[in-house]
$ cat data-v2.cif   # mmCIF, C-alpha atoms
data_upload
loop_
_atom_site.label_atom_id
_atom_site.label_comp_id
_atom_site.auth_asym_id
_atom_site.auth_seq_id
_atom_site.Cartn_x
_atom_site.Cartn_y
_atom_site.Cartn_z
CA MET A 1 189.11 -140.33 -56.77
CA SER A 2 191.54 -138.14 -54.86
CA THR A 3 194.10 -138.33 -57.66
CA ARG A 4 191.46 -137.44 -60.27
CA ARG A 5 190.20 -134.55 -58.15
CA ASN A 6 193.73 -133.19 -57.73
CA PHE A 7 194.31 -133.50 -61.46
CA LEU A 8 191.14 -131.55 -62.25
CA LYS A 9 192.16 -128.86 -59.76
CA ALA A 10 195.53 -128.57 -61.46
CA VAL A 11 193.91 -128.25 -64.89
CA LEU A 12 191.53 -125.58 -63.60
CA ALA A 13 194.37 -123.68 -61.95
CA ALA A 14 196.35 -123.76 -65.18
CA THR A 15 193.44 -122.28 -67.10
CA LEU A 16 193.20 -119.44 -64.57
CA VAL A 17 196.89 -118.48 -64.83
CA PRO A 18 197.10 -115.43 -67.09
CA ARG A 19 199.02 -116.15 -70.27
CA LEU A 20 200.44 -112.73 -70.95
CA SER A 21 201.50 -111.71 -74.44
CA TRP A 22 203.01 -108.54 -75.85
CA ALA A 23 199.47 -107.26 -76.33
CA ASP A 24 199.26 -106.97 -72.55
CA ALA A 25 202.16 -104.51 -72.73
CA GLY A 26 200.42 -102.44 -75.40
CA SER A 27 201.90 -104.32 -78.38
CA PRO A 28 205.10 -102.27 -78.54
CA ALA A 29 206.99 -101.98 -81.78
CA PHE A 30 210.28 -100.81 -80.26
CA LEU A 31 212.27 -100.86 -77.03
CA GLY A 32 214.83 -98.27 -76.02
CA ALA A 33 216.82 -97.39 -72.92
CA ALA A 34 217.13 -93.78 -71.80
CA LYS A 35 218.20 -91.46 -69.03
CA ASP A 36 215.40 -89.36 -67.53
CA THR A 37 215.50 -85.68 -66.71
CA ASN A 38 216.02 -86.50 -63.03
CA GLY A 39 219.00 -88.74 -63.76
CA ASP A 40 217.17 -92.06 -63.44
CA TYR A 41 217.41 -94.80 -66.06
CA ALA A 42 214.56 -96.77 -67.63
CA LEU A 43 213.56 -99.08 -70.46
CA TYR A 44 210.80 -97.65 -72.66
CA GLY A 45 208.29 -99.36 -74.93
CA LEU A 46 207.25 -97.43 -78.04
CA ASP A 47 204.37 -97.96 -80.44
CA GLU A 48 204.63 -97.85 -84.25
CA ALA A 49 204.32 -94.06 -84.16
CA ALA A 50 207.18 -93.76 -81.62
CA GLN A 51 204.83 -92.80 -78.79
CA ILE A 52 205.71 -94.08 -75.31
CA LEU A 53 203.62 -97.05 -74.13
CA PHE A 54 205.42 -97.94 -70.91
CA ARG A 55 208.39 -97.09 -68.76
CA ALA A 56 210.21 -99.72 -66.68
CA PRO A 57 212.84 -98.39 -64.21
CA LEU A 58 216.39 -99.77 -64.48
CA PRO A 59 218.95 -99.85 -61.66
CA ALA A 60 221.68 -98.25 -63.81
CA ARG A 61 222.40 -97.10 -67.34
CA GLY A 62 221.12 -99.47 -69.99
CA HIS A 63 222.52 -100.21 -73.43
CA ALA A 64 220.39 -102.59 -75.47
CA ALA A 65 217.72 -105.19 -74.74
CA ALA A 66 216.69 -108.68 -75.83
CA ALA A 67 212.95 -109.20 -76.32
CA HIS A 68 211.27 -112.55 -75.78
CA PRO A 69 209.52 -113.70 -78.98
CA THR A 70 206.10 -114.20 -77.36
CA LYS A 71 206.08 -113.22 -73.69
CA PRO A 72 206.11 -109.53 -72.65
CA GLU A 73 209.61 -109.89 -71.24
CA ALA A 74 212.75 -107.98 -72.09
CA VAL A 75 216.24 -108.46 -70.76
CA ALA A 76 217.89 -105.08 -70.33
CA PHE A 77 221.68 -105.10 -70.29
CA ALA A 78 223.92 -102.71 -68.43
CA ARG A 79 226.27 -100.56 -70.43
CA ARG A 80 229.49 -102.41 -71.25
CA PRO A 81 231.30 -103.63 -69.24
CA GLY A 82 228.32 -104.57 -67.10
CA THR A 83 228.14 -107.50 -64.75
CA PHE A 84 224.35 -107.52 -64.45
CA ALA A 85 221.24 -107.68 -66.60
CA VAL A 86 217.61 -107.50 -65.50
CA VAL A 87 214.50 -109.24 -66.79
CA VAL A 88 211.64 -106.77 -67.09
CA ASN A 89 207.98 -107.77 -67.17
CA CYS A 90 206.90 -105.17 -69.71
CA ALA A 91 203.21 -105.64 -68.85
CA THR A 92 203.74 -104.61 -65.21
CA GLY A 93 207.06 -102.75 -65.31
CA ASN A 94 208.45 -105.01 -62.60
CA ILE A 95 211.94 -106.52 -62.59
CA THR A 96 211.42 -110.26 -62.18
CA HIS A 97 214.97 -111.58 -62.32
CA ARG A 98 218.50 -110.29 -62.11
CA LEU A 99 221.29 -111.98 -64.05
CA ASP A 100 224.78 -111.68 -62.64
CA ALA A 101 227.74 -112.56 -64.81
CA PRO A 102 229.88 -115.33 -63.31
CA GLU A 103 233.24 -114.49 -61.82
CA GLY A 104 235.72 -113.64 -64.56
CA ARG A 105 233.00 -112.60 -67.04
CA HIS A 106 231.17 -109.43 -67.94
CA PHE A 107 228.31 -108.69 -70.30
CA MET A 108 228.78 -106.68 -73.49
CA GLY A 109 225.42 -104.89 -73.59
CA HIS A 110 223.54 -107.23 -75.95
CA GLY A 111 221.78 -110.59 -75.95
CA LEU A 112 219.37 -112.78 -77.90
CA PHE A 113 216.60 -115.26 -77.17
CA VAL A 114 216.93 -118.55 -79.10
CA ASN A 115 215.05 -121.88 -79.23
CA GLU A 116 211.70 -120.06 -79.45
CA GLY A 117 212.52 -118.12 -76.31
CA ALA A 118 213.59 -121.04 -74.15
CA LEU A 119 217.18 -119.84 -73.88
CA LEU A 120 218.84 -116.46 -73.56
CA VAL A 121 222.31 -116.12 -75.11
CA THR A 122 224.64 -113.35 -73.94
CA PRO A 123 227.96 -112.24 -75.52
CA GLU A 124 230.51 -111.96 -72.74
CA ASN A 125 234.16 -111.21 -72.12
CA ASN A 126 235.99 -114.02 -70.34
CA TYR A 127 238.65 -111.65 -69.10
CA ALA A 128 240.34 -114.33 -67.02
CA GLU A 129 241.31 -116.19 -70.20
CA LYS A 130 241.18 -113.26 -72.67
CA LYS A 131 238.54 -114.77 -74.93
CA GLY A 132 234.92 -114.30 -75.88
CA VAL A 133 232.09 -116.59 -74.79
CA LEU A 134 228.34 -116.85 -75.13
CA GLY A 135 226.60 -117.38 -71.81
CA ILE A 136 223.50 -119.61 -71.96
CA TRP A 137 220.58 -118.98 -69.58
CA ASP A 138 217.47 -121.17 -69.17
CA ARG A 139 214.26 -119.15 -68.89
CA ALA A 140 212.25 -122.10 -67.53
CA LYS A 141 214.75 -122.38 -64.67
CA ASN A 142 214.31 -118.75 -63.63
CA TYR A 143 217.10 -117.72 -65.97
CA ALA A 144 219.66 -120.04 -64.41
CA ARG A 145 222.97 -120.11 -66.24
CA VAL A 146 223.34 -123.55 -67.80
CA GLY A 147 226.55 -123.21 -69.79
CA GLU A 148 228.74 -121.22 -72.11
CA VAL A 149 230.42 -121.68 -75.50
CA SER A 150 233.26 -119.98 -77.31
CA THR A 151 232.67 -117.16 -79.81
CA HIS A 152 236.02 -118.00 -81.44
CA GLY A 153 237.22 -114.46 -80.98
CA VAL A 154 237.86 -111.66 -78.51
CA GLY A 155 235.41 -109.02 -77.34
CA PRO A 156 232.10 -110.34 -78.72
CA HIS A 157 229.65 -107.46 -78.71
CA ASP A 158 226.47 -108.24 -80.66
CA ILE A 159 224.64 -111.39 -81.74
CA ARG A 160 221.84 -112.03 -84.25
CA ALA A 161 220.11 -115.06 -85.76
CA LEU A 162 219.53 -115.96 -89.41
CA SER A 163 216.25 -117.44 -90.59
CA ASP A 164 217.54 -121.02 -90.23
CA GLY A 165 218.68 -120.48 -86.63
CA THR A 166 222.34 -119.89 -87.46
CA LEU A 167 223.87 -117.41 -85.03
CA VAL A 168 226.07 -114.52 -86.15
CA VAL A 169 228.50 -113.04 -83.63
CA ALA A 170 230.35 -109.74 -83.95
CA ASN A 171 233.74 -110.33 -82.33
CA GLY A 172 234.92 -106.78 -81.79
CA GLY A 173 238.51 -107.84 -81.17
CA ILE A 174 238.97 -105.55 -78.15
CA PHE A 175 240.07 -106.94 -74.79
CA THR A 176 239.09 -105.09 -71.61
CA HIS A 177 239.28 -105.82 -67.91
CA PRO A 178 236.70 -104.48 -65.42
CA GLU A 179 239.39 -103.56 -62.90
CA ILE A 180 241.49 -101.54 -65.35
CA GLY A 181 240.48 -98.07 -66.49
CA GLU A 182 236.94 -98.44 -65.11
CA GLY A 183 236.56 -101.47 -67.36
CA ARG A 184 236.60 -99.52 -70.63
CA GLN A 185 240.34 -99.21 -71.27
CA LYS A 186 241.29 -101.05 -74.46
CA LEU A 187 244.23 -103.28 -73.63
CA ASN A 188 245.14 -104.93 -76.93
CA ILE A 189 244.79 -102.29 -79.66
CA ASP A 190 247.99 -103.40 -81.40
CA GLU A 191 246.87 -107.05 -81.43
CA MET A 192 243.19 -106.71 -82.32
CA GLU A 193 241.60 -109.29 -84.62
CA PRO A 194 237.93 -108.43 -85.26
CA SER A 195 235.90 -111.17 -86.87
CA LEU A 196 232.46 -112.28 -87.94
CA ALA A 197 231.64 -115.78 -86.66
CA TYR A 198 228.76 -118.01 -87.72
CA LEU A 199 227.65 -120.67 -85.24
CA SER A 200 225.10 -123.42 -85.78
CA ALA A 201 221.96 -123.61 -83.68
CA SER A 202 223.93 -126.08 -81.53
CA PHE A 203 226.76 -123.50 -81.17
CA ALA A 204 229.32 -125.21 -83.45
CA LEU A 205 231.55 -122.90 -85.51
CA GLU A 206 230.56 -122.98 -89.19
CA GLU A 207 232.34 -119.96 -90.67
CA LYS A 208 234.70 -117.27 -89.45
CA HIS A 209 235.76 -114.18 -91.38
CA VAL A 210 238.60 -111.96 -90.18
CA LEU A 211 239.19 -108.45 -91.49
CA ALA A 212 242.29 -107.76 -93.55
CA PRO A 213 245.50 -107.01 -91.56
CA GLU A 214 245.44 -103.30 -92.45
CA LEU A 215 241.96 -103.09 -90.86
CA HIS A 216 242.72 -105.14 -87.76
CA GLN A 217 241.94 -102.10 -85.58
CA ASN A 218 238.45 -101.74 -87.06
CA SER A 219 236.27 -103.21 -84.32
CA ILE A 220 233.17 -105.07 -85.56
CA ARG A 221 230.48 -103.96 -83.10
CA HIS A 222 226.85 -104.21 -84.21
CA LEU A 223 224.81 -106.38 -86.56
CA ALA A 224 221.70 -106.22 -88.72
CA ILE A 225 220.10 -108.97 -90.79
CA GLY A 226 218.40 -108.30 -94.13
CA LEU A 227 215.24 -109.92 -95.44
CA ASP A 228 217.30 -112.49 -97.38
CA ASP A 229 219.75 -113.16 -94.52
CA GLN A 230 222.32 -110.68 -95.76
CA VAL A 231 224.45 -109.69 -92.78
CA ALA A 232 225.47 -106.07 -92.26
CA PHE A 233 227.84 -104.91 -89.55
CA ALA A 234 228.95 -101.57 -88.13
CA MET A 235 232.54 -100.85 -87.15
CA GLN A 236 234.47 -98.45 -84.91
CA TRP A 237 238.02 -97.49 -85.81
CA GLU A 238 240.62 -97.76 -83.05
CA GLY A 239 243.63 -96.81 -85.15
CA ASP A 240 245.19 -93.54 -86.30
CA GLU A 241 242.51 -90.83 -86.18
CA THR A 242 243.81 -89.29 -89.40
CA GLU A 243 243.02 -92.43 -91.40
CA VAL A 244 239.69 -92.75 -93.19
CA VAL A 245 238.39 -96.33 -93.19
CA PRO A 246 235.14 -98.14 -94.05
CA LEU A 247 232.63 -98.34 -91.20
CA ILE A 248 230.08 -100.76 -92.65
CA GLY A 249 230.48 -104.33 -93.84
CA LEU A 250 228.15 -106.53 -95.89
CA HIS A 251 228.35 -110.30 -96.03
CA ARG A 252 226.59 -113.42 -97.26
CA ARG A 253 227.60 -116.86 -96.09
CA GLY A 254 230.23 -118.49 -98.25
CA GLU A 255 231.29 -115.19 -99.83
CA GLU A 256 233.87 -112.50 -99.18
CA ILE A 257 233.12 -109.49 -96.97
CA GLN A 258 232.26 -106.23 -98.77
CA LEU A 259 233.35 -102.94 -97.19
CA PRO A 260 231.41 -100.07 -98.82
CA GLU A 261 232.38 -96.43 -98.30
CA ALA A 262 230.84 -93.03 -98.86
CA ASP A 263 232.71 -90.28 -100.70
CA MET A 264 235.83 -89.07 -98.91
CA ALA A 265 234.29 -85.98 -97.29
CA GLU A 266 231.33 -87.90 -95.87
CA GLN A 267 233.50 -90.81 -94.80
CA TYR A 268 235.79 -88.43 -92.92
CA ALA A 269 232.82 -86.71 -91.28
CA MET A 270 231.80 -89.98 -89.59
CA LYS A 271 234.90 -89.61 -87.37
CA GLY A 272 235.71 -93.32 -87.47
CA TYR A 273 232.64 -94.31 -85.50
CA ALA A 274 229.42 -96.14 -86.41
CA GLY A 275 227.11 -96.43 -83.40
CA SER A 276 224.15 -98.44 -84.75
CA ILE A 277 223.11 -100.25 -87.90
CA SER A 278 219.78 -101.31 -89.39
CA PHE A 279 218.17 -102.38 -92.61
CA ALA A 280 215.23 -100.25 -93.69
CA GLY A 281 211.81 -101.62 -92.88
CA ASP A 282 211.26 -102.65 -96.51
CA GLY A 283 214.75 -104.15 -96.78
CA SER A 284 215.66 -101.89 -99.69
CA GLU A 285 218.72 -100.39 -98.01
CA VAL A 286 220.88 -100.41 -94.89
CA ALA A 287 222.18 -97.53 -92.79
CA ILE A 288 224.69 -96.72 -90.06
CA THR A 289 224.65 -93.81 -87.63
CA SER A 290 227.45 -91.77 -86.08
CA PRO A 291 226.67 -89.73 -82.97
CA ARG A 292 230.19 -88.32 -83.16
CA GLY A 293 229.74 -87.25 -86.76
CA GLY A 294 226.09 -86.26 -86.40
CA ARG A 295 224.87 -88.14 -89.45
CA MET A 296 223.37 -91.31 -90.89
CA HIS A 297 224.85 -93.00 -93.98
CA ARG A 298 222.58 -95.00 -96.32
CA PHE A 299 223.74 -97.82 -98.59
CA ALA A 300 222.07 -100.13 -101.10
CA PRO A 301 222.40 -103.88 -100.40
CA ASP A 302 225.08 -104.01 -103.14
CA GLY A 303 227.14 -101.42 -101.27
CA THR A 304 226.29 -98.34 -103.33
CA PHE A 305 226.32 -95.17 -101.20
CA LEU A 306 222.88 -93.55 -101.31
CA GLY A 307 223.45 -90.44 -99.26
CA ALA A 308 223.67 -88.91 -95.79
CA VAL A 309 221.10 -87.50 -93.38
CA LEU A 310 222.47 -85.02 -90.85
CA ARG A 311 221.33 -85.01 -87.22
CA GLY A 312 223.32 -84.12 -84.12
CA ASP A 313 224.04 -86.99 -81.69
CA ILE A 314 221.97 -89.50 -83.65
CA CYS A 315 222.67 -93.12 -82.71
CA GLY A 316 219.69 -95.45 -82.17
CA LEU A 317 218.36 -97.01 -85.38
CA ALA A 318 215.69 -99.61 -86.15
CA PRO A 319 213.55 -100.62 -89.16
CA MET A 320 210.24 -98.79 -89.45
CA GLY A 321 207.82 -98.70 -92.37
CA GLU A 322 209.85 -98.29 -95.56
CA GLY A 323 212.66 -96.59 -93.67
CA TYR A 324 214.00 -96.26 -90.13
CA LEU A 325 213.25 -95.02 -86.64
CA GLY A 326 216.15 -93.06 -85.20
CA SER A 327 216.86 -91.64 -81.74
CA ASP A 328 219.27 -89.06 -80.38
CA GLY A 329 220.66 -87.91 -77.05
CA PHE A 330 218.25 -84.99 -76.85
CA GLY A 331 215.03 -86.98 -76.47
CA ALA A 332 213.99 -87.00 -80.13
CA LEU A 333 212.55 -89.91 -82.12
CA LEU A 334 212.69 -89.48 -85.88
CA ALA A 335 211.40 -91.10 -89.06
CA LEU A 336 214.35 -91.42 -91.43
CA LYS A 337 215.15 -92.39 -94.99
CA GLU A 338 216.07 -89.86 -97.69
CA GLY A 339 215.19 -87.16 -95.17
CA MET A 340 214.04 -86.79 -91.59
CA SER A 341 210.68 -86.18 -89.89
CA PRO A 342 210.21 -85.71 -86.13
CA LEU A 343 207.79 -88.15 -84.49
CA ASN A 344 208.23 -87.54 -80.77
CA ALA A 345 210.38 -85.45 -78.48
CA VAL A 346 210.77 -85.62 -74.72
CA PRO A 347 212.86 -82.67 -73.53
CA GLY A 348 215.60 -83.72 -71.16
CA LEU A 349 215.36 -87.42 -72.08
CA ALA A 350 218.61 -88.88 -73.41
CA TRP A 351 218.13 -92.02 -75.50
CA ASP A 352 220.96 -94.49 -75.23
CA ASN A 353 222.79 -96.10 -78.16
CA HIS A 354 220.22 -98.53 -79.50
CA LEU A 355 216.62 -99.11 -80.46
CA VAL A 356 215.31 -102.68 -80.58
CA ALA A 357 212.55 -103.46 -83.09
CA LEU A 358 209.82 -105.96 -82.21
CA PRO A 359 208.17 -106.48 -85.61
CA SER A 360 206.72 -109.90 -84.82
CA LEU A 361 205.58 -109.21 -81.30
CA VAL A 362 202.20 -107.59 -81.92
CA GLY A 363 199.17 -109.53 -80.69
#
$ encode --input "data-v2.cif" --output "structure tokens"
Amino acid sequence: MSTRRNFLKAVLAATLVPRLSWADAGSPAFLGAAKDTNGDYALYGLDEAAQILFRAPLPARGHAAAAHPTKPEAVAFARRPGTFAVVVNCATGNITHRLDAPEGRHFMGHGLFVNEGALLVTPENNYAEKKGVLGIWDRAKNYARVGEVSTHGVGPHDIRALSDGTLVVANGGIFTHPEIGEGRQKLNIDEMEPSLAYLSASFALEEKHVLAPELHQNSIRHLAIGLDDQVAFAMQWEGDETEVVPLIGLHRRGEEIQLPEADMAEQYAMKGYAGSISFAGDGSEVAITSPRGGRMHRFAPDGTFLGAVLRGDICGLAPMGEGYLGSDGFGALLALKEGMSPLNAVPGLAWDNHLVALPSLVG
């Protein structure tokens, strides 16, 4: 009788535990980190019209975030090279866990939930051994670190998943050390080898594509996945500033990498730097932004250059509607495609580099 009574109490208690979803956080469509007018940092949730739903304070400058697929949780990563990340309950605004990189590792500003949200995967620099790794964290164990695997490259920055669970890693090729040059000094520019690596859902290497030798200083930084699993990546040139090089790559598994370019004047105006990348909301095109060049470049999935949209300090980019949501360092949120329409502006707010779209997290 006692055992049965205890069992019934446990069942009743389980039914009373709130099962929070993203609806409890206002069903955000986007996440973005920003610096406030008073110098504080926070993670913001935005609705489909780019209006602010919530603000969760961060202990330091953020970069990007990983959103849990069902729970109103986001892992906000410190700006590279950061040694901490925080788990934010987006329904309450509270920080529930802090992740500290193990000794000899630092985070790269990005991460991804896999296995239906059971695991968090974080690109990291193993600076002790000069190689890239993916840290693996178990959510059910209060985000305990349970292992790591190789990214088969140096300086992994971003990670995305294809529809079949295959992981795509952007190995930027740049080696840094947190105790040298405030952790941002690039220590191997002459020996860089940026690559795109495909790992199975069990983290085994399936494909690896290295840029041509003449582009070995073109760091692969950020990723976007198209509706048909086409991979697009944004690059940042670390070579001679007078050279004009492609800043976007397109790839499908089993094929060669494509490196589209705009016309010479527009390509030069990007100043060798692509800050973010995204496919349009309808998948009809892909774009990169350059805060240094003050413009967005649009390309068709076959690599055809479609045009430029000019905006000072634009960087954040995410799919929205048939086009994009963009952000800048002056507090503006913009609807973008062939042109630009303002959606929201918070004077004094400085949006950081990235916007994270949550298209499947409503409800």
$ resolve_selection --input "data-v2.cif" --expression "the PyMOL selection byres ((chain A and resi 29) around 12)" --output "PDB file with C-alpha atoms, keeping the file's coordinate frame"
ATOM      1  CA  TRP A  22     203.010-108.540 -75.850  1.00  0.00           C
ATOM      2  CA  ALA A  23     199.470-107.260 -76.330  1.00  0.00           C
ATOM      3  CA  ALA A  25     202.160-104.510 -72.730  1.00  0.00           C
ATOM      4  CA  GLY A  26     200.420-102.440 -75.400  1.00  0.00           C
ATOM      5  CA  SER A  27     201.900-104.320 -78.380  1.00  0.00           C
ATOM      6  CA  PRO A  28     205.100-102.270 -78.540  1.00  0.00           C
ATOM      7  CA  PHE A  30     210.280-100.810 -80.260  1.00  0.00           C
ATOM      8  CA  LEU A  31     212.270-100.860 -77.030  1.00  0.00           C
ATOM      9  CA  GLY A  32     214.830 -98.270 -76.020  1.00  0.00           C
ATOM     10  CA  TYR A  44     210.800 -97.650 -72.660  1.00  0.00           C
ATOM     11  CA  GLY A  45     208.290 -99.360 -74.930  1.00  0.00           C
ATOM     12  CA  LEU A  46     207.250 -97.430 -78.040  1.00  0.00           C
ATOM     13  CA  ASP A  47     204.370 -97.960 -80.440  1.00  0.00           C
ATOM     14  CA  GLU A  48     204.630 -97.850 -84.250  1.00  0.00           C
ATOM     15  CA  ALA A  49     204.320 -94.060 -84.160  1.00  0.00           C
ATOM     16  CA  ALA A  50     207.180 -93.760 -81.620  1.00  0.00           C
ATOM     17  CA  GLN A  51     204.830 -92.800 -78.790  1.00  0.00           C
ATOM     18  CA  ILE A  52     205.710 -94.080 -75.310  1.00  0.00           C
ATOM     19  CA  LEU A  53     203.620 -97.050 -74.130  1.00  0.00           C
ATOM     20  CA  PHE A  54     205.420 -97.940 -70.910  1.00  0.00           C
ATOM     21  CA  ALA A  67     212.950-109.200 -76.320  1.00  0.00           C
ATOM     22  CA  PRO A  72     206.110-109.530 -72.650  1.00  0.00           C
ATOM     23  CA  ALA A 318     215.690 -99.610 -86.150  1.00  0.00           C
ATOM     24  CA  PRO A 319     213.550-100.620 -89.160  1.00  0.00           C
ATOM     25  CA  MET A 320     210.240 -98.790 -89.450  1.00  0.00           C
ATOM     26  CA  GLY A 321     207.820 -98.700 -92.370  1.00  0.00           C
ATOM     27  CA  LEU A 325     213.250 -95.020 -86.640  1.00  0.00           C
ATOM     28  CA  LEU A 355     216.620 -99.110 -80.460  1.00  0.00           C
ATOM     29  CA  VAL A 356     215.310-102.680 -80.580  1.00  0.00           C
ATOM     30  CA  ALA A 357     212.550-103.460 -83.090  1.00  0.00           C
ATOM     31  CA  LEU A 358     209.820-105.960 -82.210  1.00  0.00           C
ATOM     32  CA  PRO A 359     208.170-106.480 -85.610  1.00  0.00           C
ATOM     33  CA  SER A 360     206.720-109.900 -84.820  1.00  0.00           C
ATOM     34  CA  LEU A 361     205.580-109.210 -81.300  1.00  0.00           C
ATOM     35  CA  VAL A 362     202.200-107.590 -81.920  1.00  0.00           C
ATOM     36  CA  GLY A 363     199.170-109.530 -80.690  1.00  0.00           C
TER      37      GLY A 363
END
$ atom_distance --input "data-v2.cif" --atom1 "atom CA of A:Lys130" --atom2 "atom CA of A:Leu199"
19.9 Å
$ resolve_selection --input "data-v2.cif" --expression "the PyMOL selection byres ((chain A and resi 160) around 7)" --output "ChimeraX atom specification"
/A:112,158-159,161-162,167-169,223
$ resolve_selection --input "data-v2.cif" --expression "the PyMOL selection byres ((chain A and resi 342-352) around 7)" --output "CSV table (one decimal) with C-alpha atoms, in the frame of the given file"
chain,number,residue,atom,x,y,z
A,33,ALA,CA,216.8,-97.4,-72.9
A,34,ALA,CA,217.1,-93.8,-71.8
A,35,LYS,CA,218.2,-91.5,-69.0
A,36,ASP,CA,215.4,-89.4,-67.5
A,37,THR,CA,215.5,-85.7,-66.7
A,49,ALA,CA,204.3,-94.1,-84.2
A,50,ALA,CA,207.2,-93.8,-81.6
A,51,GLN,CA,204.8,-92.8,-78.8
A,63,HIS,CA,222.5,-100.2,-73.4
A,327,SER,CA,216.9,-91.6,-81.7
A,328,ASP,CA,219.3,-89.1,-80.4
A,329,GLY,CA,220.7,-87.9,-77.0
A,330,PHE,CA,218.2,-85.0,-76.8
A,331,GLY,CA,215.0,-87.0,-76.5
A,332,ALA,CA,214.0,-87.0,-80.1
A,333,LEU,CA,212.6,-89.9,-82.1
A,334,LEU,CA,212.7,-89.5,-85.9
A,335,ALA,CA,211.4,-91.1,-89.1
A,340,MET,CA,214.0,-86.8,-91.6
A,341,SER,CA,210.7,-86.2,-89.9
A,353,ASN,CA,222.8,-96.1,-78.2
A,354,HIS,CA,220.2,-98.5,-79.5
$ residues_near_point --input "data-v2.cif" --point "(237.5, -99.5, -92.5)" --cutoff "10 Å" --atoms "only C-alpha atoms" --output "count of residues only"
27
$ residues_near_point --input "data-v2.cif" --point "(208.6, -121.5, -69.1)" --cutoff "10 Å" --atoms "all atoms listed in the file" --output "list in words"
Lys71, Gly117, Ala118, Leu119, Asp138, Arg139, Ala140, Lys141, Asn142 and Tyr143 of chain A
$ atom_distance --input "data-v2.cif" --atom1 "atom CA of A:Ser163" --atom2 "atom CA of A:Gly323"
21.4 Å
$ closest_residue --input "data-v2.cif" --among "A:Pro57, A:Gly165, A:Gly303, A:Pro156" --to "A:Ser200" --atoms "only C-alpha atoms"
A:Gly165
$ residues_around --input "data-v2.cif" --residues "A:Thr92" --least-positions-apart "2" --cutoff "9 Å" --atoms "only C-alpha atoms" --output "count of residues only"
9
$ closest_residue --input "data-v2.cif" --among "A:Met296, A:Glu241, A:Lys208, A:Arg105" --to "A:Gly254" --atoms "only C-alpha atoms"
A:Lys208
$ closest_residue --input "data-v2.cif" --among "A:Asn171, A:Thr122, A:Ser290, A:Gln258" --to "A:Val149" --atoms "all atoms listed in the file"
A:Thr122
$ residues_around --input "data-v2.cif" --residues "A:Trp137" --least-positions-apart "5" --cutoff "8 Å" --atoms "all atoms listed in the file" --output "PDB file with C-alpha atoms, keeping the file's coordinate frame"
ATOM      1  CA  LEU A 119     217.180-119.840 -73.880  1.00  0.00           C
ATOM      2  CA  LEU A 120     218.840-116.460 -73.560  1.00  0.00           C
ATOM      3  CA  VAL A 121     222.310-116.120 -75.110  1.00  0.00           C
ATOM      4  CA  TYR A 143     217.100-117.720 -65.970  1.00  0.00           C
ATOM      5  CA  ALA A 144     219.660-120.040 -64.410  1.00  0.00           C
ATOM      6  CA  ARG A 145     222.970-120.110 -66.240  1.00  0.00           C
ATOM      7  CA  VAL A 146     223.340-123.550 -67.800  1.00  0.00           C
ATOM      8  CA  GLY A 147     226.550-123.210 -69.790  1.00  0.00           C
TER       9      GLY A 147
END
$ atom_distance --input "data-v2.cif" --atom1 "atom CA of A:Glu206" --atom2 "atom CA of A:Ile189"
26.9 Å
$ closest_residue --input "data-v2.cif" --among "A:Leu196, A:Met264, A:Leu336, A:Cys315" --to "A:Glu285" --atoms "only C-alpha atoms"
A:Leu336
$ residues_around --input "data-v2.cif" --residues "A:Val286" --least-positions-apart "2" --cutoff "6 Å" --atoms "all atoms listed in the file" --output "MDAnalysis selection string"
chainID A and resid 278:280 298:299
$ write_last_selection --input "data-v2.cif" --atoms "C-alpha atoms" --output "tab-separated table (two decimals), in the coordinates of the input"
chain	number	residue	atom	x	y	z
A	278	SER	CA	219.78	-101.31	-89.39
A	279	PHE	CA	218.17	-102.38	-92.61
A	280	ALA	CA	215.23	-100.25	-93.69
A	298	ARG	CA	222.58	-95.00	-96.32
A	299	PHE	CA	223.74	-97.82	-98.59
$ closest_residue --input "data-v2.cif" --among "A:Glu73, A:Asp228, A:Glu266, A:Glu116" --to "A:Asp282" --atoms "only C-alpha atoms"
A:Asp228
$ residues_around --input "data-v2.cif" --residues "A:Lys186" --least-positions-apart "6" --cutoff "10 Å" --atoms "only C-alpha atoms" --output "PyMOL selection string"
chain A and resi 173-177+180+192+238
$ closest_residue --input "data-v2.cif" --among "A:Ser284, A:Thr304, A:Ser276, A:Thr96" --to "A:Gly316" --atoms "all atoms listed in the file"
A:Ser276
$ decode --input "data-v2.cif" --residues "stretch 300-305 of chain A" --atoms "N, CA and C atoms" --output "PDB file, in the first residue's frame"
ATOM      1  N   ALA A 300      21.701  34.202 -55.754  1.00  0.00           N
ATOM      2  CA  ALA A 300      20.813  33.078 -56.026  1.00  0.00           C
ATOM      3  C   ALA A 300      21.495  31.792 -55.587  1.00  0.00           C
ATOM      4  N   PRO A 301      20.724  30.726 -55.347  1.00  0.00           N
ATOM      5  CA  PRO A 301      21.348  29.453 -54.930  1.00  0.00           C
ATOM      6  C   PRO A 301      22.356  28.895 -55.930  1.00  0.00           C
ATOM      7  N   ASP A 302      22.287  29.346 -57.210  1.00  0.00           N
ATOM      8  CA  ASP A 302      23.279  28.888 -58.188  1.00  0.00           C
ATOM      9  C   ASP A 302      24.512  29.778 -58.218  1.00  0.00           C
ATOM     10  N   GLY A 303      24.549  30.802 -57.340  1.00  0.00           N
ATOM     11  CA  GLY A 303      25.712  31.666 -57.241  1.00  0.00           C
ATOM     12  C   GLY A 303      25.604  32.982 -57.977  1.00  0.00           C
ATOM     13  N   THR A 304      24.522  33.200 -58.709  1.00  0.00           N
ATOM     14  CA  THR A 304      24.350  34.457 -59.439  1.00  0.00           C
ATOM     15  C   THR A 304      24.211  35.627 -58.464  1.00  0.00           C
ATOM     16  N   PHE A 305      24.968  36.703 -58.684  1.00  0.00           N
ATOM     17  CA  PHE A 305      24.866  37.884 -57.829  1.00  0.00           C
ATOM     18  C   PHE A 305      23.589  38.634 -58.159  1.00  0.00           C
TER      19      PHE A 305
END
